[in-house]
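Novice: Have a look at the structure that comes next, please.
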Protein chains: 2
Amino acid sequence: MLITFEGLKGCKKEVYMNELADMLRRSRFPEVYCTKEPGFPDSPISRLMSHLINNEPSTMPVEKLFLLLADRAAHYEKFVGPIINRKRETAFSGGYVPPSTPGIVLSDRGPDSLIAYQGFGYQIAPIELLMAMNSLALRNTPIHLTFIIDIPEYESDPHGDQEFLKRVRQGYKHIAQMSPGRVFVVDGTMSVEKNKEFIWRTVAPALGINAQ
Amino acid sequence: MLITFEGLKGCKKEVYMNELADMLRRSRFPEVYCTKEPGFPDSPISRLMSHLINNEPSTMPVEKLFLLLADRAAHYEKFVGPIINRKRETAFSGGYVPPSTPGIVLSDRGPDSLIAYQGFGYQIAPIELLMAMNSLALRNTPIHLTFIIDIPEYESDPHGDQEFLKRVRQGYKHIAQMSPGRVFVVDGTMSVEKNKEFIWRTVAPALGINAQ
């Protein structure tokens, strides 16, 4: 199972991701992996690309778009795909685990970031083209659930380009409307405790866990 | 003006490119730049990417596809575009040059390689999607002329996958059929001397030169 967390910078998506990982591990799902895009863990190419993306001022928007997609293709091919598609071979020492449970991957950002930022925010390519490129990078890897942590633009970055942030936020809302079964919008202005509970009550049934 | 040279490995496209560059320079076009894809000259990012593309065995086809496009976007944004779009500001010391002549770029491979290799050869994405991605990478940079040096598969690589090479070759022929005004197929089994002459007689009129 693959779950992605999306939203504007400062929306605390990595907090919610790590909280969910802890709750899953406590519920006898030991094989929970947290990752992020761009730049997934332990890949020299991706580290390098992440460095270029973040630190090379001459990297142009379209070049960056393709670098992000190359990074995504590597992430899904080499890291996410093998974990969520594999069959469990070894017994888990901490208790009973069904023998064919694949791992669970939680990702801080995923393909929806490309739609929201490069599509709606920077407007450097048509949404349909960006979606086709994302599909190519993912190679049929299904995303089961996505949580968009929605916060107001000024809370994300009071000194940033508010119009740009507004477009990205609208992009995320558009994505949620397009994929109601997969994408859930979380009100980031509410308490972390309340939102944690909402996320847990959405994820648990999908894994056959009683959410209480 | 931008002119690309395409074809299977071993078709001598770089020979024809360099011969044309010499002829152009002798015809009072001093600002002729030869370049290539992937990995255009003097860009640290591109050198790095070219290294990854050529030497990293774990680089997957889709990841490589996006790296090639990132490299192409950088090439056109930072190198090809500025040369072919600029206006000439300084006088050429060797003779009269019209004051607004932009530079001429000759490239060993270009966007058509993606269609022929990734599209027809490796078949990793639909041709229409690859064409849309190429357009995005080129950002409206026009390619004026393309010469495909056509050689038989076994001449390119007698020990390689002949079916793959056949598909690439067919891809090039498809491209030529789609763009008859831009793309010219050169019979690579004929003498270099004859083909040089054909290329010159095609290029010269487009530059207002009497090809004799």
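Chain labels follow the order of the structure tokens: the first chain is A, the next B, and so on; residue numbering restarts at 1 in every chain, and ligands are counted from 1 in their shown order.
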Could you list, as a ChimeraX atom specification, the residues of chain A having an atom within 6 Å of chain B when counting only C-alpha atoms?

Specialist: /A:63,66-67,70,73-74

Novice: Could you list, as an mmCIF file with N, CA, C and O atoms, in the first residue's frame, every residue within 7 Å of stretch 164-176 of chain A, counting only C-alpha atoms and ignoring same-chain residues fewer than 6 positions away?

Specialist:
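What landed in out.cif:
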data_model
loop_
_atom_site.group_PDB
_atom_site.id
_atom_site.type_symbol
_atom_site.label_atom_id
_atom_site.label_comp_id
_atom_site.auth_asym_id
_atom_site.auth_seq_id
_atom_site.Cartn_x
_atom_site.Cartn_y
_atom_site.Cartn_z
ATOM 1 N N ILE A 115 1.533 18.191 -10.441
ATOM 2 C CA ILE A 115 0.315 18.813 -10.969
ATOM 3 C C ILE A 115 0.083 20.167 -10.287
ATOM 4 O O ILE A 115 -0.174 21.174 -10.956
ATOM 5 N N ALA A 116 0.201 20.175 -8.960
ATOM 6 C CA ALA A 116 -0.094 21.398 -8.202
ATOM 7 C C ALA A 116 0.950 22.489 -8.450
ATOM 8 O O ALA A 116 0.589 23.642 -8.700
ATOM 9 N N TYR A 117 2.231 22.122 -8.393
ATOM 10 C CA TYR A 117 3.295 23.137 -8.513
ATOM 11 C C TYR A 117 3.634 23.473 -9.962
ATOM 12 O O TYR A 117 3.522 24.627 -10.382
ATOM 13 N N PHE A 120 -0.334 23.928 -11.957
ATOM 14 C CA PHE A 120 -1.142 25.069 -11.534
ATOM 15 C C PHE A 120 -0.290 26.260 -11.080
ATOM 16 O O PHE A 120 -0.610 27.401 -11.380
ATOM 17 N N GLY A 121 0.783 25.997 -10.337
ATOM 18 C CA GLY A 121 1.600 27.090 -9.802
ATOM 19 C C GLY A 121 2.436 27.773 -10.876
ATOM 20 O O GLY A 121 2.216 28.927 -11.218
ATOM 21 N N GLU A 153 -2.541 30.314 2.273
ATOM 22 C CA GLU A 153 -1.276 30.705 1.633
ATOM 23 C C GLU A 153 -0.355 31.451 2.605
ATOM 24 O O GLU A 153 0.828 31.154 2.712
ATOM 25 N N VAL A 183 -8.203 10.755 -2.826
ATOM 26 C CA VAL A 183 -7.642 11.962 -2.216
ATOM 27 C C VAL A 183 -8.569 12.540 -1.146
ATOM 28 O O VAL A 183 -9.763 12.731 -1.395
ATOM 29 N N PHE A 184 -8.016 12.817 0.025
ATOM 30 C CA PHE A 184 -8.777 13.425 1.109
ATOM 31 C C PHE A 184 -8.109 14.739 1.519
ATOM 32 O O PHE A 184 -6.891 14.792 1.692
ATOM 33 N N VAL A 185 -8.925 15.791 1.638
ATOM 34 C CA VAL A 185 -8.385 17.085 2.060
ATOM 35 C C VAL A 185 -8.535 17.200 3.575
ATOM 36 O O VAL A 185 -9.613 16.979 4.126
#

Novice: If you run DSSP on the backbone, which residues of chain B are strand (DSSP E or B), as a ChimeraX atom specification?

Specialist: /B:2-6,32-36,104-108,145-150,183-187

Novice: Check stretch 7-202 of chain B with DSSP on the backbone and list each residue it calls helix (DSSP H, G or I), as number ranges by chain.

Specialist: B: 13-26, 44-55, 61-85, 111-121, 127-138, 153-156, 162-178, 192-202

Novice: Restricting it to C-alpha atoms, dump the selection as a compact mmCIF listing (two decimals), in the first residue's frame.

Specialist:
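To be explicit, this is the file written out as result_17.txt:
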# COMPACT_ATOMS: atom_id res chain seq x y z
CA LYS B 13 26.68 11.77 -38.97
CA GLU B 14 29.44 13.62 -37.07
CA VAL B 15 31.62 13.45 -40.19
CA TYR B 16 28.89 15.09 -42.29
CA MET B 17 28.26 17.65 -39.54
CA ASN B 18 31.91 18.69 -39.36
CA GLU B 19 32.22 18.81 -43.16
CA LEU B 20 29.18 21.09 -43.35
CA ALA B 21 30.61 23.30 -40.59
CA ASP B 22 33.83 23.72 -42.59
CA MET B 23 31.94 24.57 -45.76
CA LEU B 24 29.80 27.14 -43.93
CA ARG B 25 32.86 28.78 -42.37
CA ARG B 26 34.52 28.97 -45.79
CA PRO B 44 28.39 20.86 -15.48
CA ILE B 45 24.85 19.53 -15.12
CA SER B 46 24.87 18.06 -18.58
CA ARG B 47 28.30 16.52 -18.21
CA LEU B 48 27.07 14.89 -15.03
CA MET B 49 23.87 13.69 -16.65
CA SER B 50 25.72 12.44 -19.67
CA HIS B 51 27.97 10.49 -17.32
CA LEU B 52 24.97 9.00 -15.51
CA ILE B 53 23.24 8.13 -18.76
CA ASN B 54 26.30 6.43 -20.20
CA ASN B 55 27.88 4.83 -17.12
CA PRO B 61 14.68 3.21 -19.30
CA VAL B 62 12.01 5.65 -18.04
CA GLU B 63 14.47 7.43 -15.76
CA LYS B 64 16.88 7.70 -18.69
CA LEU B 65 14.08 9.06 -20.89
CA PHE B 66 13.47 11.93 -18.46
CA LEU B 67 17.20 12.56 -18.00
CA LEU B 68 17.57 12.85 -21.77
CA LEU B 69 14.71 15.36 -21.82
CA ALA B 70 16.21 17.37 -18.92
CA ASP B 71 19.49 17.45 -20.81
CA ARG B 72 17.67 18.55 -23.98
CA ALA B 73 15.78 21.30 -22.14
CA ALA B 74 19.08 22.65 -20.77
CA HIS B 75 20.72 22.37 -24.18
CA TYR B 76 18.03 24.41 -25.93
CA GLU B 77 17.50 26.91 -23.13
CA LYS B 78 21.15 27.69 -22.43
CA PHE B 79 23.07 26.90 -25.62
CA VAL B 80 21.12 26.45 -28.86
CA GLY B 81 18.39 29.06 -28.27
CA PRO B 82 20.68 31.99 -27.37
CA ILE B 83 22.86 31.35 -30.45
CA ILE B 84 20.17 30.95 -33.08
CA ASN B 85 17.91 33.71 -31.71
CA PRO B 111 14.76 15.51 -30.58
CA ASP B 112 14.24 12.97 -33.39
CA SER B 113 16.57 10.53 -31.60
CA LEU B 114 14.01 10.29 -28.77
CA ILE B 115 11.26 9.36 -31.23
CA ALA B 116 13.42 6.82 -33.08
CA TYR B 117 15.13 5.19 -30.08
CA GLN B 118 12.80 5.55 -27.06
CA GLY B 119 9.63 5.50 -29.17
CA PHE B 120 10.20 3.05 -32.02
CA GLY B 121 13.23 1.15 -30.68
CA ILE B 127 5.01 8.52 -30.02
CA GLU B 128 2.51 11.37 -29.42
CA LEU B 129 3.57 11.67 -25.76
CA LEU B 130 7.25 11.68 -26.72
CA MET B 131 6.57 14.40 -29.30
CA ALA B 132 4.73 16.51 -26.69
CA MET B 133 7.65 16.10 -24.26
CA ASN B 134 10.15 17.07 -26.96
CA SER B 135 8.13 20.22 -27.70
CA LEU B 136 8.17 21.11 -24.03
CA ALA B 137 11.95 20.62 -23.87
CA LEU B 138 12.50 22.72 -27.03
CA GLU B 153 21.23 -2.35 -39.41
CA TYR B 154 24.11 -4.82 -39.81
CA GLU B 155 26.41 -2.00 -40.88
CA SER B 156 25.61 -0.11 -37.71
CA GLN B 162 19.00 -6.47 -35.39
CA GLU B 163 15.26 -6.26 -34.65
CA PHE B 164 15.81 -3.27 -32.36
CA LEU B 165 18.00 -1.51 -34.92
CA LYS B 166 15.40 -2.22 -37.59
CA ARG B 167 12.70 -0.55 -35.47
CA VAL B 168 14.90 2.51 -34.90
CA ARG B 169 15.61 2.75 -38.61
CA GLN B 170 11.90 2.47 -39.40
CA GLY B 171 11.28 5.18 -36.80
CA TYR B 172 13.62 7.50 -38.65
CA LYS B 173 11.83 6.78 -41.92
CA HIS B 174 8.50 7.51 -40.25
CA ILE B 175 9.86 10.87 -39.06
CA ALA B 176 11.03 11.71 -42.58
CA GLN B 177 7.58 10.93 -43.97
CA MET B 178 5.90 13.11 -41.32
CA VAL B 192 30.80 10.66 -48.45
CA GLU B 193 31.73 13.02 -51.28
CA LYS B 194 28.34 12.60 -53.01
CA ASN B 195 26.41 12.97 -49.76
CA LYS B 196 28.39 16.05 -48.70
CA GLU B 197 27.37 17.64 -51.97
CA PHE B 198 23.69 16.72 -51.47
CA ILE B 199 23.74 18.21 -47.94
CA TRP B 200 25.45 21.38 -49.16
CA ARG B 201 22.95 21.82 -52.01
CA THR B 202 20.12 21.54 -49.48
